[in-house]
Structures are given as structure tokens and as C-alpha cells.
Amino acid sequence: MALNNGYLGLHLPNLTPKPKSEPMPMTERNLALWYRQFGDPIDVLTLESSPLAPRPADLLRVQMHYAPINASDLIPITGAYRHRVAPPQVAGYEGVGTVIAAPLSFQHWVGQRVLPLRGVGCWQHNVDIDPQLAIPVPEDIPSTLAARAYINPLAALLMLQQWPVSGKNVLITAGGSACALLLAQWAQLHGAHQVVVVYRASAHAERLHALGLTALQDTAQETLKAVSAQTDIVFDAVGGDVGQLIWQALPEHAQFVAYGVLSGTPVKVNANRPALHWFHVRHTLGDIGAAQWQQLFFALWPLLRNSDCGEVEIFPLSEWRAAIESYHQSGRSRKPMLCLDR
């Protein structure tokens, strides 16, 4: 209790403590993985802390939780798509987070988990996103699954819509990849007559067999030729010698869909048949409207709930180098994922 100067008739000094000046508020900061030049991601990515800019009034602010590492995240950093991607950029094309601030008309989204897609890079603590592009995540979908719901699942769904597989023999390469795993399972659901998955590392064979799939190692060239000769549709993410061998062995009526070139060497064609098609999610979506964009994920969530989407290995953002090195390990059974929580 502060003493009164006249208490008991004594003249005491004023002992009431002087109010302290308020400390200056600490500037909130954002932590992000940037690349400011093209090159090997291990060499050119840098983890940078900077003051968090004010949220644009018409955007959601999302506090990120998880973001996976995909080939489509790493390849642009090398400069492979320099005709449309230019540094400086924050890396990462998909992830999941929680809305922490929103425009007045979207206040009901605060606290909602969303996928902040088709905007700035996701490998950072905070992402600002157009509400029309943010995808709400159903409550029963785990965050580590939601974080992976865009790049590979959407590619698999769109390819199966564009090239129907019902009653057909399907051959899928890159059997250890997340997209191939989903393509194979969903091709079965779409009524494919047979699904054969080509893999490189033997560690993937047991998992593919457990899903009821025919698995074939890429070194079994004669068997691969024979299977290819009976194939109607190929979904290839490898190219190189394996993709070339498959294309050359296909019957004329077959469709060869190339959606990646993990080998670094595209398949070379010298004839119009069998037909070779290049698939890119970006080109397929084009200028899709907000309602159609949201509808794609209404179709995806039930598929993801009932599919083997693989396991993940979580790395703190500060250990991003280890996460990328894990991604490149042959025979890897778990998807590397960055934890972006503070």
C-alpha cells in the first residue's frame, strides 16, 4: 500500500513508485526459406528472418503448420522453369495452416485450417492469401495429410479425368513417388482392367503388392517390354531410358502421358503413334474460376480419406537441408515434411 505523507502526522517522502515507461513492442517477424538465384536448392536456399509486413486488407493471414517437399518445389529453384519463375522467391507450393486474421467479410474463417494455394511460397511461418483461393480443410483430415492434398493428388485426379482408364491396361512409372501411388490406387477405383507399377528401389515392392498392384522393377527390361506391348495408357514421371523403352514397346493405339522427367531426360518420339501427351497441373487448370477450384477439393477429400497416402517424416524448418537430403534418398519410404510452427 502506498503511504500517505500525512500518516501519523509524519512528513514522509512520497514512496509511491513512479510508473515505468512502457517497453517498445517487439516487431513481429517472419521466417522464410528464400532463393535469390537459381542453383542447387541446398546451395541457394537461405533461411531468412524479416519484419512481418502488415496484412493487406483483402487477404487472409495464415500461420503455417506443415509443408511437404516435392519435386515440383525443388525443380524451379534450379532454373528449369526460368521462363515463368524468377527469383527472389519464397520456396514451396503447398502446405497447411490456420487463419489468424481476415477481412471483415471472412472473420468466420479465423481459426479455420486452410490450404493457402496458388499464391506466395509456403515454406515460411506466415502466408497471406486471397480468400477465394484458400481451401478449407475438413475437421477429420489430419494436418500432415492436408498439407499434401494439392500437388500430387490434384495431378492424379486431373490425369484420370483427362485420360479415363476404365477397362484398360495401365502402366505407371516412378512407383516410389506419392503421385504414382495415388494414380495406381485411383486407377483401380476407376475400373482399370490391370494396373502395373514400375519401381526402381526394391524397398517399394512390398508396399505396392500390399495394395493389390502388380509391381515390376525397372531393371526387368524384357518383362517391361512385354507388359508395355499390352498397355493402353502410360502415366510416366521418369522419362530417360525407362520411359524410352516403354514408349517404343507400346501398341499404336496407346496413350503415353508424361507428367514429369525425374531422370532429367525427356522421352524422344519419332512418330505420331503411340501418342505422347505432356501434362502440367498449371496448364490444365488455366484460369479456372473460384467455384470450380473449390469443387476439385470437394472431390479430392473423400479419395484421400480412403487411400494409402504414405507416411511422413517431420523436420523443423531449421533442418531444411536434412529434409531435402532425405527427399533425394533412393528407396525412401516417408515423405519429408517441414514443420513451420514457431
# chains A, B, ... in the order shown; residues from 1 in each chain; ligands from 1
>>> residues_around(residues="Leu304 of chain A", least_positions_apart="5", cutoff="10 Å", atoms="only C-alpha atoms", output="list in words")
Ile141, Leu145, Ala146, Arg148, Ala149, Pro153, Leu182, Trp186, Ala299 and Cys309 of chain A
>>> closest_residue(among="A:Leu189, A:Leu133, A:Ala174, A:Ala271", to="Gly289 of chain A", atoms="only C-alpha atoms")
A:Leu133
>>> residues_around(residues="segment 220-229 of chain A", least_positions_apart="3", cutoff="7 Å", atoms="only C-alpha atoms", output="list in words")
Gln217, Ile246, Ala249, Leu250 and Pro251 of chain A
>>> write_last_selection(atoms="C-alpha atoms", output="PDB file, in the first residue's frame")
ATOM      1  CA  GLN A 217      11.318 -53.418 -61.179  1.00  0.00           C
ATOM      2  CA  ILE A 246       8.174 -48.220 -72.649  1.00  0.00           C
ATOM      3  CA  ALA A 249       7.222 -51.044 -76.997  1.00  0.00           C
ATOM      4  CA  LEU A 250       3.686 -49.628 -76.839  1.00  0.00           C
ATOM      5  CA  PRO A 251       0.987 -50.583 -79.334  1.00  0.00           C
TER       6      PRO A 251
END
>>> residues_around(residues="Asp341 of chain A", least_positions_apart="4", cutoff="12 Å", atoms="only C-alpha atoms", output="MDAnalysis selection string")
chainID A and resid 30:32 62:67 95:98 123:126 143 314:318
>>> residues_around(residues="Leu104 of chain A", least_positions_apart="2", cutoff="9 Å", atoms="only C-alpha atoms", output="ChimeraX atom specification")
/A:57-58,102,106-108
>>> decode(residues="segment 271-290 of chain A", atoms="N, CA, C and O atoms", output="CSV table (one decimal), in the first residue's frame")
chain,number,residue,atom,x,y,z
A,271,ALA,N,7.6,-40.6,-84.1
A,271,ALA,CA,6.4,-40.9,-84.9
A,271,ALA,C,5.2,-40.3,-84.1
A,271,ALA,O,5.2,-39.9,-83.0
A,272,ASN,N,4.0,-40.3,-84.8
A,272,ASN,CA,2.8,-39.7,-84.2
A,272,ASN,C,2.1,-40.7,-83.3
A,272,ASN,O,1.3,-40.4,-82.5
A,273,ARG,N,2.4,-42.0,-83.5
A,273,ARG,CA,1.7,-43.1,-82.7
A,273,ARG,C,2.8,-44.0,-82.2
A,273,ARG,O,3.8,-44.3,-82.9
A,274,PRO,N,2.7,-44.4,-80.9
A,274,PRO,CA,1.7,-44.0,-79.9
A,274,PRO,C,1.8,-42.6,-79.6
A,274,PRO,O,2.9,-42.0,-79.7
A,275,ALA,N,0.7,-42.0,-79.2
A,275,ALA,CA,0.6,-40.6,-78.9
A,275,ALA,C,1.3,-40.2,-77.6
A,275,ALA,O,1.1,-40.9,-76.6
A,276,LEU,N,2.1,-39.2,-77.6
A,276,LEU,CA,2.7,-38.7,-76.3
A,276,LEU,C,2.1,-37.4,-75.9
A,276,LEU,O,2.0,-36.4,-76.7
A,277,HIS,N,1.6,-37.3,-74.7
A,277,HIS,CA,0.9,-36.1,-74.2
A,277,HIS,C,1.7,-35.6,-73.0
A,277,HIS,O,2.1,-36.3,-72.1
A,278,TRP,N,1.9,-34.2,-72.9
A,278,TRP,CA,2.6,-33.6,-71.7
A,278,TRP,C,1.5,-33.1,-70.8
A,278,TRP,O,0.6,-32.4,-71.3
A,279,PHE,N,1.6,-33.4,-69.6
A,279,PHE,CA,0.6,-33.0,-68.6
A,279,PHE,C,1.2,-32.0,-67.6
A,279,PHE,O,2.3,-32.4,-67.0
A,280,HIS,N,0.6,-30.9,-67.3
A,280,HIS,CA,1.0,-29.9,-66.3
A,280,HIS,C,-0.2,-29.5,-65.6
A,280,HIS,O,-1.2,-29.1,-66.2
A,281,VAL,N,-0.2,-29.5,-64.3
A,281,VAL,CA,-1.4,-29.1,-63.5
A,281,VAL,C,-1.7,-27.6,-63.8
A,281,VAL,O,-2.8,-27.2,-64.1
A,282,ARG,N,-0.7,-26.8,-63.9
A,282,ARG,CA,-0.9,-25.4,-64.2
A,282,ARG,C,-1.6,-25.1,-65.5
A,282,ARG,O,-2.5,-24.3,-65.6
A,283,HIS,N,-1.2,-25.9,-66.6
A,283,HIS,CA,-1.8,-25.7,-67.9
A,283,HIS,C,-3.2,-26.2,-67.9
A,283,HIS,O,-4.1,-25.6,-68.5
A,284,THR,N,-3.4,-27.3,-67.1
A,284,THR,CA,-4.8,-27.9,-67.1
A,284,THR,C,-5.8,-27.0,-66.4
A,284,THR,O,-6.9,-26.9,-66.8
A,285,LEU,N,-5.3,-26.4,-65.3
A,285,LEU,CA,-6.2,-25.6,-64.5
A,285,LEU,C,-6.5,-24.3,-65.3
A,285,LEU,O,-7.6,-23.8,-65.3
A,286,GLY,N,-5.5,-23.7,-66.0
A,286,GLY,CA,-5.7,-22.5,-66.7
A,286,GLY,C,-6.2,-21.4,-65.8
A,286,GLY,O,-5.7,-21.2,-64.7
A,287,ASP,N,-7.2,-20.7,-66.3
A,287,ASP,CA,-7.9,-19.6,-65.5
A,287,ASP,C,-9.1,-20.1,-64.8
A,287,ASP,O,-10.2,-19.5,-64.9
A,288,ILE,N,-9.1,-21.3,-64.2
A,288,ILE,CA,-10.2,-21.9,-63.5
A,288,ILE,C,-10.8,-20.9,-62.5
A,288,ILE,O,-10.1,-20.2,-61.8
A,289,GLY,N,-12.2,-20.9,-62.5
A,289,GLY,CA,-12.9,-20.0,-61.6
A,289,GLY,C,-12.8,-20.5,-60.1
A,289,GLY,O,-12.5,-21.6,-59.9
A,290,ALA,N,-13.2,-19.6,-59.2
A,290,ALA,CA,-13.1,-19.9,-57.8
A,290,ALA,C,-14.0,-21.1,-57.4
A,290,ALA,O,-13.6,-22.0,-56.7
